[in-house]
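Here's the structure, in structure tokens; my notes come after.
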Amino acid sequence: MRVYVPLTLSGLADAYEAGELGPGPLDAYAVTPALREWYLSDNVEELEYAALGRAAQASLRLLATDPQAARRRVVVAADVPDGSAPSDPDRGLDQGALGMVRCAGPLPFTEVAAVHVDAPDAEEDVAAAAAALGAADLDDDARFTVDGAEAHELLWFATQEVPGLIG
């Protein structure tokens, strides 16, 4: 099962240095039954892209709480054994929990398939979105600002490129 773990660049550096993402439990995103129902698709690639997008939103929330972090969203895609990252069935179609799963323990960096990171030219929009995140549920202008960050596609990096990202 592929899971998408939201991080910051400093969190990625810590995980790379430690050789694992953790400690657990780790919140991540994956193709869950609730995400399938919400997204109304059977296309696995589209569903995984939706789970990646949910993780990117969670990375933005991490940036909003860490003013020292570089203003680039980071999502780590890792493969875990099926059933090892369950969703919370009690949350159902709660919009905030769609696709959310919980990994009980740390994830070895050897299980990382890829890393997705904003390009440097997204930093200004990501910074504005992180600052506006708290008001986005109540204010259309703030929501528009947050959507501005979501308009940036995350770039794909192989694991051997991580040292260059965190360097």
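Labels used: A, B, ... for chains in the order of the structure tokens, numbers from 1 for residues in each chain, and numbers from 1 for ligands as shown.
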Can you write out as a Markdown table which residues of segment 19-91 of chain A fall within 9 Å of segment 143-162 of chain A, alongside each residue's closest atom pair and its distance in Å to one decimal, counting only C-alpha atoms and ordering rows by chain and ascending residue number?
```
| residue | atom | partner | partner_atom | distance |
| --- | --- | --- | --- | --- |
| A:Gly53 | CA | A:Glu150 | CA | 8.2 |
| A:Ala56 | CA | A:Glu150 | CA | 8.1 |
| A:Gln57 | CA | A:Glu150 | CA | 7.9 |
| A:Leu60 | CA | A:Ala149 | CA | 8.8 |
| A:Arg73 | CA | A:Leu154 | CA | 7.8 |
| A:Val74 | CA | A:Leu154 | CA | 8.0 |
| A:Val75 | CA | A:Leu154 | CA | 8.5 |
```
Long-range neighbours of segment 17-20 of chain A as a PyMOL selection string, 9 Å cut-off, only C-alpha atoms, 3 positions minimum in chain: chain A and resi 12-14+23+106-111
Could the residues in this selection be saved with N, CA and C atoms as a CSV table (one decimal), in the first residue's frame?
```csv
chain,number,residue,atom,x,y,z
A,12,LEU,N,12.0,16.5,6.4
A,12,LEU,CA,12.6,15.6,5.5
A,12,LEU,C,14.1,15.4,5.8
A,13,ALA,N,14.8,16.5,6.1
A,13,ALA,CA,16.2,16.4,6.5
A,13,ALA,C,16.4,15.5,7.7
A,14,ASP,N,15.5,15.7,8.7
A,14,ASP,CA,15.6,14.9,10.0
A,14,ASP,C,15.3,13.4,9.6
A,23,PRO,N,9.2,9.3,15.0
A,23,PRO,CA,8.6,8.0,15.5
A,23,PRO,C,7.2,7.9,15.2
A,106,PRO,N,7.6,3.9,13.1
A,106,PRO,CA,8.3,4.6,12.1
A,106,PRO,C,8.4,3.9,10.8
A,107,LEU,N,8.6,4.7,9.7
A,107,LEU,CA,8.8,4.1,8.4
A,107,LEU,C,10.2,4.2,8.0
A,108,PRO,N,10.9,3.0,7.7
A,108,PRO,CA,12.3,3.1,7.3
A,108,PRO,C,12.4,3.9,6.0
A,109,PHE,N,13.4,4.7,5.9
A,109,PHE,CA,13.6,5.5,4.7
A,109,PHE,C,13.8,4.6,3.4
A,110,THR,N,14.2,3.3,3.7
A,110,THR,CA,14.4,2.4,2.5
A,110,THR,C,13.0,2.0,1.9
A,111,GLU,N,11.9,2.3,2.6
A,111,GLU,CA,10.6,2.1,2.0
A,111,GLU,C,10.0,3.3,1.2
```
Which is closer to Ala114 of chain A than all the others in A:Leu62, A:Val76, A:Ala70, A:Ala51, using only C-alpha atoms? A:Val76
Name the residues of segment 74-152 of chain A that come out as helix (DSSP H, G or I) in a backbone DSSP run; write them as a compact mmCIF listing (two decimals) with N, CA and C atoms, in the first residue's frame.
```
# COMPACT_ATOMS: atom_id res chain seq x y z
N PRO A 89 -12.45 4.35 10.74
CA PRO A 89 -13.79 4.25 10.16
C PRO A 89 -14.82 5.14 10.84
N ASP A 90 -14.54 5.57 12.07
CA ASP A 90 -15.49 6.44 12.78
C ASP A 90 -15.54 7.84 12.17
N ARG A 91 -14.51 8.22 11.42
CA ARG A 91 -14.49 9.56 10.85
C ARG A 91 -15.24 9.63 9.54
N GLN A 95 -14.55 15.67 5.99
CA GLN A 95 -13.68 16.26 4.96
C GLN A 95 -12.23 16.36 5.41
N GLY A 96 -12.00 16.63 6.66
CA GLY A 96 -10.63 16.75 7.15
C GLY A 96 -9.89 15.43 7.24
N ALA A 97 -10.61 14.33 7.24
CA ALA A 97 -9.99 13.02 7.42
C ALA A 97 -10.00 12.17 6.16
N PHE A 109 13.42 4.67 5.86
CA PHE A 109 13.61 5.46 4.65
C PHE A 109 13.80 4.55 3.44
N THR A 110 14.20 3.31 3.66
CA THR A 110 14.35 2.36 2.55
C THR A 110 13.02 2.05 1.89
N GLU A 111 11.90 2.33 2.56
CA GLU A 111 10.58 2.08 2.00
C GLU A 111 10.04 3.28 1.23
N PRO A 120 11.06 25.92 -6.08
CA PRO A 120 11.38 27.17 -5.38
C PRO A 120 10.47 28.34 -5.78
N ASP A 121 9.99 28.36 -7.03
CA ASP A 121 9.15 29.48 -7.45
C ASP A 121 7.75 29.45 -6.83
N ALA A 122 7.43 28.41 -6.09
CA ALA A 122 6.14 28.34 -5.39
C ALA A 122 6.20 28.94 -3.99
N GLU A 123 7.40 29.25 -3.51
CA GLU A 123 7.55 29.67 -2.11
C GLU A 123 6.70 30.86 -1.73
N GLU A 124 6.59 31.85 -2.59
CA GLU A 124 5.81 33.04 -2.25
C GLU A 124 4.33 32.68 -2.07
N ASP A 125 3.78 31.88 -2.99
CA ASP A 125 2.38 31.48 -2.88
C ASP A 125 2.16 30.56 -1.69
N VAL A 126 3.11 29.67 -1.43
CA VAL A 126 2.98 28.75 -0.29
C VAL A 126 3.05 29.53 1.02
N ALA A 127 3.94 30.51 1.10
CA ALA A 127 4.03 31.34 2.30
C ALA A 127 2.72 32.09 2.55
N ALA A 128 2.16 32.66 1.49
CA ALA A 128 0.89 33.38 1.63
C ALA A 128 -0.22 32.43 2.05
N ALA A 129 -0.24 31.23 1.47
CA ALA A 129 -1.27 30.24 1.81
C ALA A 129 -1.15 29.79 3.25
N ALA A 130 0.07 29.55 3.71
CA ALA A 130 0.28 29.14 5.11
C ALA A 130 -0.22 30.23 6.06
N ALA A 131 0.03 31.48 5.70
CA ALA A 131 -0.41 32.60 6.55
C ALA A 131 -1.93 32.75 6.54
N ALA A 132 -2.58 32.41 5.43
CA ALA A 132 -4.03 32.59 5.28
C ALA A 132 -4.82 31.36 5.71
N LEU A 133 -4.16 30.28 6.01
CA LEU A 133 -4.85 29.02 6.26
C LEU A 133 -5.90 29.11 7.37
N GLY A 134 -5.59 29.79 8.45
CA GLY A 134 -6.53 29.89 9.56
C GLY A 134 -7.83 30.58 9.20
N ALA A 135 -7.78 31.52 8.27
CA ALA A 135 -8.98 32.27 7.88
C ALA A 135 -9.69 31.67 6.67
N ASP A 140 -13.54 34.08 1.78
CA ASP A 140 -13.30 33.68 0.40
C ASP A 140 -11.95 34.17 -0.12
N ASP A 141 -11.52 35.36 0.28
CA ASP A 141 -10.22 35.86 -0.16
C ASP A 141 -9.09 34.99 0.37
N ALA A 142 -9.20 34.59 1.63
CA ALA A 142 -8.19 33.71 2.21
C ALA A 142 -8.21 32.35 1.54
N ARG A 143 -9.40 31.84 1.23
CA ARG A 143 -9.51 30.56 0.52
C ARG A 143 -8.84 30.65 -0.86
N PHE A 144 -9.02 31.77 -1.53
CA PHE A 144 -8.39 32.00 -2.83
C PHE A 144 -6.87 31.97 -2.69
N THR A 145 -6.35 32.56 -1.63
CA THR A 145 -4.91 32.56 -1.38
C THR A 145 -4.40 31.15 -1.15
N VAL A 146 -5.12 30.37 -0.36
CA VAL A 146 -4.73 28.98 -0.12
C VAL A 146 -4.77 28.19 -1.42
N ASP A 147 -5.80 28.40 -2.22
CA ASP A 147 -5.89 27.71 -3.50
C ASP A 147 -4.73 28.08 -4.42
N GLY A 148 -4.16 29.26 -4.24
CA GLY A 148 -3.01 29.66 -5.04
C GLY A 148 -1.83 28.73 -4.85
N ALA A 149 -1.63 28.23 -3.65
CA ALA A 149 -0.55 27.26 -3.39
C ALA A 149 -0.90 25.92 -4.03
N GLU A 150 -2.17 25.55 -3.94
CA GLU A 150 -2.59 24.26 -4.48
C GLU A 150 -2.49 24.23 -6.01
```
Need the shell around Tyr29 of chain A: protein/DNA/RNA residues with any atom at most 10 Å away, counting only C-alpha atoms. Skip same-chain ones fewer than 5 positions apart. Format as JSON, numbers by chain? {"A": [2, 3, 4, 5, 6, 35, 48, 50, 51, 52, 53, 54, 55, 56, 58, 75, 77, 85, 87, 97, 98, 99, 100, 101, 102, 103]}
Keeping only C-alpha atoms, write those residues as a PDB file, in the first residue's frame.
```pdb
ATOM      1  CA  ARG A   2       1.309   3.440  -0.894  1.00  0.00           C
ATOM      2  CA  VAL A   3       1.055   6.113   1.798  1.00  0.00           C
ATOM      3  CA  TYR A   4       1.773   9.818   1.488  1.00  0.00           C
ATOM      4  CA  VAL A   5       3.388  11.398   4.541  1.00  0.00           C
ATOM      5  CA  PRO A   6       3.227  15.207   4.870  1.00  0.00           C
ATOM      6  CA  LEU A  35     -11.541   8.709  -0.331  1.00  0.00           C
ATOM      7  CA  GLU A  48      -3.413   8.226  -5.534  1.00  0.00           C
ATOM      8  CA  ALA A  50      -6.045  12.766  -4.677  1.00  0.00           C
ATOM      9  CA  ALA A  51      -4.319  11.179  -1.643  1.00  0.00           C
ATOM     10  CA  LEU A  52      -1.109  13.037  -2.558  1.00  0.00           C
ATOM     11  CA  GLY A  53      -3.122  16.264  -2.719  1.00  0.00           C
ATOM     12  CA  ARG A  54      -4.571  15.625   0.739  1.00  0.00           C
ATOM     13  CA  ALA A  55      -1.038  15.108   2.073  1.00  0.00           C
ATOM     14  CA  ALA A  56       0.086  18.351   0.398  1.00  0.00           C
ATOM     15  CA  ALA A  58      -1.510  18.611   5.503  1.00  0.00           C
ATOM     16  CA  VAL A  75       5.148  14.827   0.710  1.00  0.00           C
ATOM     17  CA  ALA A  77       5.511   8.549  -0.803  1.00  0.00           C
ATOM     18  CA  ALA A  85      -1.855   1.839   7.949  1.00  0.00           C
ATOM     19  CA  SER A  87      -8.010   4.550   8.433  1.00  0.00           C
ATOM     20  CA  ALA A  97      -9.990  13.025   7.418  1.00  0.00           C
ATOM     21  CA  LEU A  98     -10.558  11.876   3.841  1.00  0.00           C
ATOM     22  CA  GLY A  99      -7.747   9.509   2.958  1.00  0.00           C
ATOM     23  CA  MET A 100      -6.097   9.829   6.362  1.00  0.00           C
ATOM     24  CA  VAL A 101      -4.409   6.721   7.716  1.00  0.00           C
ATOM     25  CA  ARG A 102      -2.191   6.089  10.709  1.00  0.00           C
ATOM     26  CA  CYS A 103       1.122   4.235  10.532  1.00  0.00           C
TER      27      CYS A 103
END
```
